[in-house]
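Participant: Below is coords11.json; it holds JSON, C-alpha atoms.
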[["chain", "number", "residue", "atom", "x", "y", "z"],
["A", 1, "LEU", "CA", 20.37, -5.15, 6.20],
["A", 2, "GLN", "CA", 20.61, -2.02, 4.13],
["A", 3, "ALA", "CA", 19.06, 1.29, 5.19],
["A", 4, "THR", "CA", 19.08, 4.68, 3.50],
["A", 5, "VAL", "CA", 17.56, 7.97, 4.65],
["A", 6, "HIS", "CA", 17.39, 10.90, 2.25],
["A", 7, "ALA", "CA", 16.22, 14.50, 2.59],
["A", 8, "ASP", "CA", 16.29, 17.32, 0.08],
["A", 9, "PHE", "CA", 15.16, 20.94, 0.25],
["A", 10, "ALA", "CA", 14.84, 23.04, -2.89],
["A", 11, "SER", "CA", 14.40, 26.78, -2.63],
["A", 12, "LYS", "CA", 12.14, 27.85, -5.50],
["A", 13, "ALA", "CA", 11.09, 31.23, -6.86],
["A", 14, "GLN", "CA", 7.93, 32.67, -5.34],
["A", 15, "LYS", "CA", 4.61, 31.97, -7.01],
["A", 16, "VAL", "CA", 1.78, 34.50, -7.40],
["A", 17, "ASP", "CA", -1.51, 33.24, -5.99],
["A", 18, "ALA", "CA", -4.34, 34.03, -8.45],
["A", 19, "PHE", "CA", -6.79, 34.24, -5.53],
["A", 20, "ASP", "CA", -5.21, 37.11, -3.57],
["A", 21, "LYS", "CA", -2.47, 38.22, -6.02],
["A", 22, "GLN", "CA", 0.19, 37.73, -3.32],
["A", 23, "ALA", "CA", 3.64, 36.28, -4.00],
["A", 24, "LYS", "CA", 4.04, 33.11, -1.93],
["A", 25, "SER", "CA", 6.81, 30.64, -1.19],
["A", 26, "ASN", "CA", 6.98, 27.66, -3.53],
["A", 27, "ASN", "CA", 9.81, 25.73, -1.86],
["A", 28, "GLN", "CA", 9.94, 21.95, -1.99],
["A", 29, "PHE", "CA", 10.96, 19.28, 0.53],
["A", 30, "VAL", "CA", 11.45, 15.58, -0.24],
["A", 31, "GLY", "CA", 12.23, 12.90, 2.32],
["A", 32, "SER", "CA", 12.62, 9.17, 1.77],
["A", 33, "LEU", "CA", 13.52, 5.98, 3.59],
["A", 34, "PHE", "CA", 14.70, 2.64, 2.20],
["A", 35, "LEU", "CA", 15.07, -0.63, 4.11],
["A", 36, "GLY", "CA", 16.19, -3.84, 2.43],
["A", 37, "TYR", "CA", 17.22, -7.28, 3.62],
["A", 38, "LYS", "CA", 18.70, -10.19, 1.68],
["A", 39, "GLN", "CA", 19.29, -13.70, 3.06],
["A", 40, "ASN", "CA", 21.96, -15.08, 0.70],
["A", 41, "GLU", "CA", 20.15, -16.36, -2.41],
["A", 42, "ILE", "CA", 17.15, -17.60, -0.38],
["A", 43, "TYR", "CA", 14.99, -14.45, -0.28],
["A", 44, "SER", "CA", 15.07, -10.68, -0.31],
["A", 45, "ILE", "CA", 12.56, -8.10, 0.90],
["A", 46, "GLY", "CA", 12.49, -4.32, 0.87],
["A", 47, "VAL", "CA", 10.42, -1.23, 1.41],
["A", 48, "GLU", "CA", 10.89, 2.33, 0.23],
["A", 49, "ALA", "CA", 8.69, 5.30, 1.12],
["A", 50, "PHE", "CA", 8.82, 8.99, 0.32],
["A", 51, "THR", "CA", 6.97, 12.17, 1.10],
["A", 52, "ARG", "CA", 7.11, 15.45, -0.80],
["A", 53, "THR", "CA", 5.66, 18.82, 0.13],
["A", 54, "ILE", "CA", 5.53, 21.80, -2.22],
["A", 55, "GLN", "CA", 4.51, 25.08, -0.60],
["A", 56, "ASN", "CA", 1.54, 26.89, -2.15],
["A", 57, "ASN", "CA", 1.28, 24.59, -5.16],
["A", 58, "TYR", "CA", -2.37, 23.50, -5.06],
["A", 59, "ALA", "CA", -5.63, 25.45, -5.37],
["A", 60, "PRO", "CA", -8.66, 23.34, -4.37],
["A", 61, "SER", "CA", -10.80, 25.46, -6.72],
["A", 62, "ALA", "CA", -10.52, 28.67, -8.74],
["A", 63, "GLY", "CA", -11.98, 30.72, -5.88],
["A", 64, "GLU", "CA", -9.58, 29.56, -3.18],
["A", 65, "ALA", "CA", -6.06, 30.48, -2.10],
["A", 66, "LEU", "CA", -3.10, 28.23, -2.82],
["A", 67, "GLN", "CA", -2.33, 25.48, -0.31],
["A", 68, "ASN", "CA", 0.63, 23.19, 0.24],
["A", 69, "GLN", "CA", 0.62, 20.05, -1.89],
["A", 70, "SER", "CA", 1.79, 16.93, -0.08],
["A", 71, "SER", "CA", 2.34, 13.61, -1.81],
["A", 72, "PHE", "CA", 3.27, 10.18, -0.48],
["A", 73, "GLY", "CA", 4.44, 6.94, -2.04],
["A", 74, "ILE", "CA", 5.45, 3.51, -0.81],
["A", 75, "SER", "CA", 6.86, 0.44, -2.55],
["A", 76, "ILE", "CA", 7.19, -3.02, -1.01],
["A", 77, "TRP", "CA", 8.92, -5.81, -2.92],
["A", 78, "GLY", "CA", 10.46, -9.20, -2.48],
["A", 79, "TRP", "CA", 11.59, -12.43, -4.07],
["A", 80, "LYS", "CA", 11.93, -16.01, -2.87],
["A", 81, "THR", "CA", 14.04, -18.72, -4.47],
["A", 82, "LEU", "CA", 11.95, -21.81, -5.25],
["A", 83, "THR", "CA", 14.57, -23.82, -7.16],
["A", 84, "GLU", "CA", 18.02, -23.10, -8.58],
["A", 85, "SER", "CA", 16.44, -21.64, -11.73],
["A", 86, "LEU", "CA", 13.09, -20.31, -10.43],
["A", 87, "LYS", "CA", 12.16, -17.40, -8.15],
["A", 88, "LEU", "CA", 8.81, -16.01, -7.05],
["A", 89, "VAL", "CA", 8.81, -12.19, -7.36],
["A", 90, "ALA", "CA", 6.28, -9.61, -6.14],
["A", 91, "ARG", "CA", 5.94, -5.86, -5.76],
["A", 92, "PHE", "CA", 3.30, -3.46, -4.41],
["A", 93, "ASP", "CA", 3.29, 0.32, -4.97],
["A", 94, "ASN", "CA", 0.91, 2.95, -3.63],
["A", 95, "TYR", "CA", 1.05, 6.62, -4.66],
["A", 96, "ASP", "CA", -1.03, 9.63, -3.63],
["A", 97, "PRO", "CA", 0.08, 12.74, -5.56],
["A", 98, "ASN", "CA", -1.97, 15.14, -3.40],
["A", 99, "SER", "CA", -3.15, 14.13, 0.06],
["A", 100, "SER", "CA", -5.53, 17.13, 0.10],
["A", 101, "LYS", "CA", -7.41, 15.86, -2.95],
["A", 102, "ASP", "CA", -9.59, 12.75, -3.02],
["A", 103, "LEU", "CA", -9.54, 10.09, -5.74],
["A", 104, "ASP", "CA", -6.21, 11.01, -7.36],
["A", 105, "GLY", "CA", -4.01, 8.16, -6.14],
["A", 106, "ASN", "CA", -3.30, 4.70, -7.48],
["A", 107, "SER", "CA", -1.82, 1.37, -6.53],
["A", 108, "PHE", "CA", 0.09, -1.27, -8.45],
["A", 109, "LEU", "CA", 0.58, -4.97, -7.72],
["A", 110, "MET", "CA", 2.87, -7.29, -9.69],
["A", 111, "ALA", "CA", 3.56, -10.99, -9.15],
["A", 112, "GLY", "CA", 5.53, -13.37, -11.33],
["A", 113, "LEU", "CA", 7.93, -16.26, -11.71],
["A", 114, "ASP", "CA", 11.53, -15.46, -12.67],
["A", 115, "TYR", "CA", 12.86, -18.40, -14.69],
["A", 116, "LYS", "CA", 16.63, -18.31, -15.21],
["A", 117, "ALA", "CA", 16.82, -19.65, -18.78],
["A", 118, "ALA", "CA", 20.61, -19.25, -19.10],
["A", 119, "LYS", "CA", 23.44, -17.35, -17.47],
["A", 120, "ASN", "CA", 22.32, -13.69, -17.23],
["A", 121, "VAL", "CA", 19.01, -14.45, -19.02],
["A", 122, "SER", "CA", 15.60, -14.50, -17.33],
["A", 123, "VAL", "CA", 12.11, -15.11, -18.66],
["A", 124, "ILE", "CA", 9.53, -13.71, -16.25],
["A", 125, "PRO", "CA", 5.82, -14.37, -16.84],
["A", 126, "ASN", "CA", 3.95, -11.93, -14.60],
["A", 127, "VAL", "CA", 0.58, -10.38, -13.85],
["A", 128, "GLN", "CA", 0.16, -6.68, -13.11],
["A", 129, "LEU", "CA", -2.87, -5.04, -11.50],
["A", 130, "PHE", "CA", -3.16, -1.25, -11.61],
["A", 131, "ASN", "CA", -5.92, 0.19, -9.40],
["A", 132, "TYR", "CA", -7.04, 3.82, -9.72],
["A", 133, "GLN", "CA", -8.82, 5.61, -6.87],
["A", 134, "VAL", "CA", -10.93, 7.55, -9.36],
["A", 135, "LYS", "CA", -14.25, 5.91, -10.19],
["A", 136, "ASP", "CA", -16.18, 5.64, -13.44],
["A", 137, "ALA", "CA", -19.64, 7.20, -14.03],
["A", 138, "SER", "CA", -21.37, 4.24, -12.33],
["A", 139, "GLY", "CA", -19.19, 4.55, -9.20],
["A", 140, "LYS", "CA", -16.99, 1.52, -9.87],
["A", 141, "SER", "CA", -13.25, 1.68, -9.27],
["A", 142, "LEU", "CA", -11.15, 1.64, -12.42],
["A", 143, "LYS", "CA", -8.62, -1.19, -12.74],
["A", 144, "ASP", "CA", -6.22, -2.52, -15.36],
["A", 145, "LEU", "CA", -5.14, -6.17, -15.28],
["A", 146, "THR", "CA", -2.31, -7.12, -17.62],
["A", 147, "ALA", "CA", -0.52, -10.42, -18.20],
["A", 148, "ARG", "CA", 3.05, -10.03, -19.47],
["A", 149, "ILE", "CA", 6.18, -11.95, -20.25],
["A", 150, "THR", "CA", 9.36, -10.05, -19.47],
["A", 151, "PHE", "CA", 12.67, -11.05, -21.03],
["A", 152, "ALA", "CA", 15.67, -9.75, -19.07],
["A", 153, "TYR", "CA", 19.39, -9.87, -19.76],
["A", 154, "SER", "CA", 21.96, -8.85, -17.12],
["A", 155, "PHE", "CA", 25.22, -7.39, -18.41]]
Show this structure as C-alpha cells.
Facilitator:
Amino acid sequence: LQATVHADFASKAQKVDAFDKQAKSNNQFVGSLFLGYKQNEIYSIGVEAFTRTIQNNYAPSAGEALQNQSSFGISIWGWKTLTESLKLVARFDNYDPNSSKDLDGNSFLMAGLDYKAAKNVSVIPNVQLFNYQVKDASGKSLKDLTARITFAYSF
C-alpha cells in the first residue's frame, strides 16, 4: 500500500475587486491525497483526489463581488493481468474547475488492453469517452468517444 498526502499554501498579491474596488486576498490552497495498492503482477488499483481554493478569484457576474473559487478532481485507475503478455487497463477522471458554477466540469473514462509485444514494448488498443457537463442548444450532454491505439516503449 502506498499513501501520500500533500498540502500547499501560496500567498499571492491582493486582487482588486471590480465590483467594490477593494483590494482582496488572492491566496491559494491545494490539498491532495493518493492511495495505491499493487498485488505483485496480478493487479494494481489507485485513487488520487485534490481540492484547490483560490480566494476572491471568481465573479458570478459583472455586477457581483468576487468569491472564492474551489475546484475538485479525482482519478481512479487500475490494471489486471489476464495472461503473461496481456493486461486489462482502465481509468476514470472527474474534474470540476469551479464548484460554484454549474456545467463547467467534465469526466473521462478510458479502457483498453495492454499487449506486451516485446520487452519494454506495449501496444494498447483503447477507447476513451470524454463527457462534458455543458449541454448543446437542444439540451443534450456533449460527449467525445475516441478509439485509439497507443504504442509505448519503456526505457
Participant: At a cut-off of 12 Å, using all atoms listed in the file, what residues contact Ala152 (chain A)? Leave out same-chain residues fewer than 3 positions from it and give the result as a ChimeraX atom specification.
Facilitator: /A:114-125,149,155
Participant: Env of Ile76 (chain A): 7 Å cut, atoms = all atoms listed in the file, seq-sep filter 3 positions within chain, self excluded. Answer as a list in words.
Facilitator: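 Contacts, with the query itself left out: Gly46, Val47, Glu48, Arg91, Phe92 and Asp93 of chain A.
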Participant: Export C-alpha atoms of the chosen residues as a tab-separated table (two decimals), keeping the file's coordinate frame?
Facilitator:
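So out-v2.tsv came out as:
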chain	number	residue	atom	x	y	z
A	46	GLY	CA	12.49	-4.32	0.87
A	47	VAL	CA	10.42	-1.23	1.41
A	48	GLU	CA	10.89	2.33	0.23
A	91	ARG	CA	5.94	-5.86	-5.76
A	92	PHE	CA	3.30	-3.46	-4.41
A	93	ASP	CA	3.29	0.32	-4.97
Participant: Show me, as JSON lines, the residues of region 40-134 of chain A having an atom within 8 Å of region 15-35 of chain A, each with the closest atom pair and its distance in Å, using all atoms listed in the file.
Facilitator:
{"residue": "A:Gly46", "atom": "CA", "partner": "A:Leu35", "partner_atom": "CA", "distance": 5.5}
{"residue": "A:Val47", "atom": "CA", "partner": "A:Leu35", "partner_atom": "CA", "distance": 5.4}
{"residue": "A:Glu48", "atom": "CA", "partner": "A:Phe34", "partner_atom": "CA", "distance": 4.3}
{"residue": "A:Ala49", "atom": "CA", "partner": "A:Leu33", "partner_atom": "CA", "distance": 5.5}
{"residue": "A:Phe50", "atom": "CA", "partner": "A:Ser32", "partner_atom": "CA", "distance": 4.1}
{"residue": "A:Thr51", "atom": "CA", "partner": "A:Gly31", "partner_atom": "CA", "distance": 5.4}
{"residue": "A:Arg52", "atom": "CA", "partner": "A:Val30", "partner_atom": "CA", "distance": 4.4}
{"residue": "A:Thr53", "atom": "CA", "partner": "A:Phe29", "partner_atom": "CA", "distance": 5.3}
{"residue": "A:Ile54", "atom": "CA", "partner": "A:Gln28", "partner_atom": "CA", "distance": 4.4}
{"residue": "A:Gln55", "atom": "CA", "partner": "A:Asn26", "partner_atom": "CA", "distance": 4.6}
{"residue": "A:Asn56", "atom": "CA", "partner": "A:Asn26", "partner_atom": "CA", "distance": 5.7}
{"residue": "A:Asn57", "atom": "CA", "partner": "A:Asn26", "partner_atom": "CA", "distance": 6.7}
{"residue": "A:Ala62", "atom": "CA", "partner": "A:Phe19", "partner_atom": "CA", "distance": 7.4}
{"residue": "A:Gly63", "atom": "CA", "partner": "A:Phe19", "partner_atom": "CA", "distance": 6.3}
{"residue": "A:Glu64", "atom": "CA", "partner": "A:Phe19", "partner_atom": "CA", "distance": 5.9}
{"residue": "A:Ala65", "atom": "CA", "partner": "A:Phe19", "partner_atom": "CA", "distance": 5.1}
{"residue": "A:Leu66", "atom": "CA", "partner": "A:Asp17", "partner_atom": "CA", "distance": 6.1}
Participant: Calculated over all atoms listed in the file, which of the candidates A:Val134, A:Leu145, A:Leu1, A:Leu109 has the smallest distance to Ile74 (chain A)?
Facilitator: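 Smallest separation from Ile74 (chain A) among the options: A:Leu109.
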Participant: With only C-alpha atoms as the counted atoms, please give the residues lying no more than 7 Å from Lys143 (chain A), apart from itself and same-chain residues fewer than 2 positions off, as number ranges by chain.
Facilitator: A: 130-132, 141, 145
Participant: Those same residues, written as a CSV table (one decimal), keeping the file's coordinate frame with C-alpha atoms?
Facilitator:
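What landed in part22.csv:
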chain,number,residue,atom,x,y,z
A,130,PHE,CA,-3.2,-1.2,-11.6
A,131,ASN,CA,-5.9,0.2,-9.4
A,132,TYR,CA,-7.0,3.8,-9.7
A,141,SER,CA,-13.2,1.7,-9.3
A,145,LEU,CA,-5.1,-6.2,-15.3
Participant: Given the point (-3.0, -6.2, -14.3) in the coordinates of this file, which residues lie within 12 Å, counting only C-alpha atoms, and how would they look as a list in words?
Facilitator: Ser107, Phe108, Leu109, Met110, Ala111, Gly112, Asn126, Val127, Gln128, Leu129, Phe130, Asn131, Tyr132, Leu142, Lys143, Asp144, Leu145, Thr146, Ala147 and Arg148 of chain A
Participant: Enter the distance from CA of Tyr43 (chain A) to CA of Ser154 (chain A), in Å, rounded to one decimal.
Facilitator: 19.1 Å
Participant: Quote the spacing between CA of Asp8 (chain A) and CA of Ile45 (chain A) in Å to one decimal place.
Facilitator: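 A separation of 25.7 Å between them.
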Participant: Figure out the distance between CA of Asp96 (chain A) and CA of Ala137 (chain A), please, to one decimal in Å.
Facilitator: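 Distance between the two atoms: 21.5 Å.
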Participant: Excluding Thr81 (chain A) and any residue of its chain fewer than 3 positions from it, enumerate the residues within 8 Å of it, using all atoms listed in the file, and give them as number ranges by chain.
Facilitator: A: 41-43, 84, 86-88
Participant: Which residue out of A:Lys135, A:Lys140, A:Lys80, A:Lys101 has the minimum interatomic distance to Leu113 (chain A) when all atoms listed in the file are used?
Facilitator: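 Counting all atoms listed in the file, the residue closest to Leu113 (chain A) is A:Lys80.
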